[in-house]
Amino acid sequence: MSKNVYVGNMSYETTRERLITLFASHGQVASVNVITDRATGRPRGFAFVEMTTEEAANAAIAALNGQEVDGRTLTVDAAKPRAPRNGNGGGSRGASYDGARGSSRRW
C-alpha cells in the first residue's frame, strides 16, 4: 500500500527532480506533486511525495524531517487525508454584489 508524505517549508527553487532524488534513497517513489500557485504557476513551498510502501514513507519521514535542503529546513510528515469538499464551488457564499447576505435587492 502506498503512502503520501507531506513536505513543507520548501525553497521555491526545490524541484520535483530534487525531491525524487532525496526520497528515492529511502524507498521507491511512486509520484511527486509540487504544489503551485494557480495564478502565477510558481511553487507554493510544499509538495506531496507518494512512496510505494508505508515502510519507505516512514524511513523518509524519519531521515528527512528537519533536514536542510536548498537553504530551508524541511518539515516532512505523513500527509493527512483531504477534507471532503461541499461541492458548492466557492464563490460569494450567498452574499449579493452589494454585500447583503441573501438579499436580492439592487439598491
# chains A, B, ... in the order shown; residues from 1 in each chain; ligands from 1

$ select_by_dssp --residues "chain A" --states "strand (DSSP E or B)" --output "ChimeraX atom specification"
/A:3-8,29-36,43-51,68-69,72-73,75-78,95,101

$ write_last_selection --atoms "N, CA and C atoms" --output "compact mmCIF listing (two decimals), in the first residue's frame"
# COMPACT_ATOMS: atom_id res chain seq x y z
N LYS A 3 1.83 5.32 0.42
CA LYS A 3 1.56 6.29 1.48
C LYS A 3 2.04 7.66 1.04
N ASN A 4 1.21 8.66 1.24
CA ASN A 4 1.54 10.03 0.90
C ASN A 4 2.30 10.70 2.03
N VAL A 5 3.30 11.49 1.65
CA VAL A 5 4.14 12.21 2.61
C VAL A 5 4.06 13.70 2.27
N TYR A 6 3.81 14.52 3.28
CA TYR A 6 3.79 15.97 3.13
C TYR A 6 5.20 16.50 3.30
N VAL A 7 5.61 17.41 2.42
CA VAL A 7 6.92 18.06 2.51
C VAL A 7 6.67 19.56 2.54
N GLY A 8 6.97 20.21 3.65
CA GLY A 8 6.70 21.63 3.81
C GLY A 8 7.96 22.44 4.03
N VAL A 29 9.80 5.77 -5.09
CA VAL A 29 8.89 6.91 -5.16
C VAL A 29 7.86 6.62 -6.25
N ALA A 30 6.58 6.69 -5.89
CA ALA A 30 5.51 6.46 -6.86
C ALA A 30 5.18 7.75 -7.63
N SER A 31 5.14 8.89 -6.92
CA SER A 31 4.83 10.16 -7.59
C SER A 31 5.26 11.32 -6.70
N VAL A 32 5.44 12.48 -7.34
CA VAL A 32 5.76 13.72 -6.63
C VAL A 32 4.86 14.81 -7.18
N ASN A 33 4.22 15.56 -6.30
CA ASN A 33 3.34 16.64 -6.71
C ASN A 33 3.77 17.92 -5.99
N VAL A 34 4.50 18.79 -6.68
CA VAL A 34 4.89 20.09 -6.13
C VAL A 34 3.71 21.03 -6.35
N ILE A 35 3.18 21.58 -5.28
CA ILE A 35 2.00 22.43 -5.36
C ILE A 35 2.40 23.82 -5.85
N THR A 36 1.67 24.30 -6.86
CA THR A 36 1.96 25.61 -7.45
C THR A 36 0.76 26.54 -7.32
N PRO A 43 5.91 27.74 -7.47
CA PRO A 43 5.73 26.81 -6.36
C PRO A 43 5.27 27.54 -5.10
N ARG A 44 4.44 26.87 -4.29
CA ARG A 44 3.92 27.46 -3.06
C ARG A 44 4.73 27.06 -1.83
N GLY A 45 5.78 26.24 -2.02
CA GLY A 45 6.65 25.91 -0.90
C GLY A 45 6.32 24.61 -0.21
N PHE A 46 5.44 23.80 -0.82
CA PHE A 46 5.19 22.49 -0.26
C PHE A 46 4.85 21.50 -1.37
N ALA A 47 4.94 20.21 -1.01
CA ALA A 47 4.71 19.17 -2.00
C ALA A 47 4.20 17.92 -1.30
N PHE A 48 3.75 16.97 -2.12
CA PHE A 48 3.36 15.65 -1.63
C PHE A 48 4.14 14.62 -2.41
N VAL A 49 4.74 13.69 -1.67
CA VAL A 49 5.52 12.60 -2.28
C VAL A 49 4.80 11.31 -1.91
N GLU A 50 4.48 10.51 -2.93
CA GLU A 50 3.85 9.23 -2.68
C GLU A 50 4.91 8.14 -2.77
N MET A 51 5.08 7.42 -1.67
CA MET A 51 6.03 6.32 -1.60
C MET A 51 5.25 5.01 -1.81
N GLU A 68 18.12 20.12 6.12
CA GLU A 68 18.22 21.35 5.33
C GLU A 68 18.41 21.00 3.86
N VAL A 69 17.54 21.55 3.02
CA VAL A 69 17.58 21.33 1.57
C VAL A 69 17.39 22.67 0.88
N ARG A 72 16.65 25.65 3.19
CA ARG A 72 15.47 25.65 4.06
C ARG A 72 15.41 24.35 4.84
N THR A 73 14.93 24.41 6.07
CA THR A 73 14.76 23.22 6.90
C THR A 73 13.39 22.62 6.60
N THR A 75 10.01 20.33 6.62
CA THR A 75 9.06 19.68 7.50
C THR A 75 8.51 18.51 6.72
N VAL A 76 8.77 17.30 7.18
CA VAL A 76 8.34 16.10 6.47
C VAL A 76 7.51 15.26 7.44
N ASP A 77 6.28 14.94 7.03
CA ASP A 77 5.37 14.20 7.89
C ASP A 77 4.38 13.42 7.04
N ALA A 78 3.67 12.49 7.65
CA ALA A 78 2.62 11.76 6.94
C ALA A 78 1.55 12.75 6.52
N ALA A 95 -23.69 35.95 -0.54
CA ALA A 95 -23.78 37.41 -0.50
C ALA A 95 -24.01 37.95 -1.90
N ARG A 101 -26.17 39.75 2.75
CA ARG A 101 -26.23 38.28 2.68
C ARG A 101 -27.65 37.84 2.33

$ closest_residue --among "A:Ala39, A:Met1, A:Ala83, A:Met10" --to "Asn65 (chain A)" --atoms "only C-alpha atoms"
A:Met10

$ residues_around --residues "Ala62 (chain A)" --least-positions-apart "4" --cutoff "10 Å" --atoms "only C-alpha atoms" --output "list in words"
His26, Ala56, Ala57, Asn58, Gly66, Gln67, Val76 and Asp77 of chain A

$ closest_residue --among "A:Glu54, A:Ser11, A:Arg42, A:Ala60" --to "Ser25 (chain A)" --atoms "only C-alpha atoms"
A:Ala60

$ atom_distance --atom1 "CA of Phe23 (chain A)" --atom2 "CA of Lys80 (chain A)"
18.6 Å
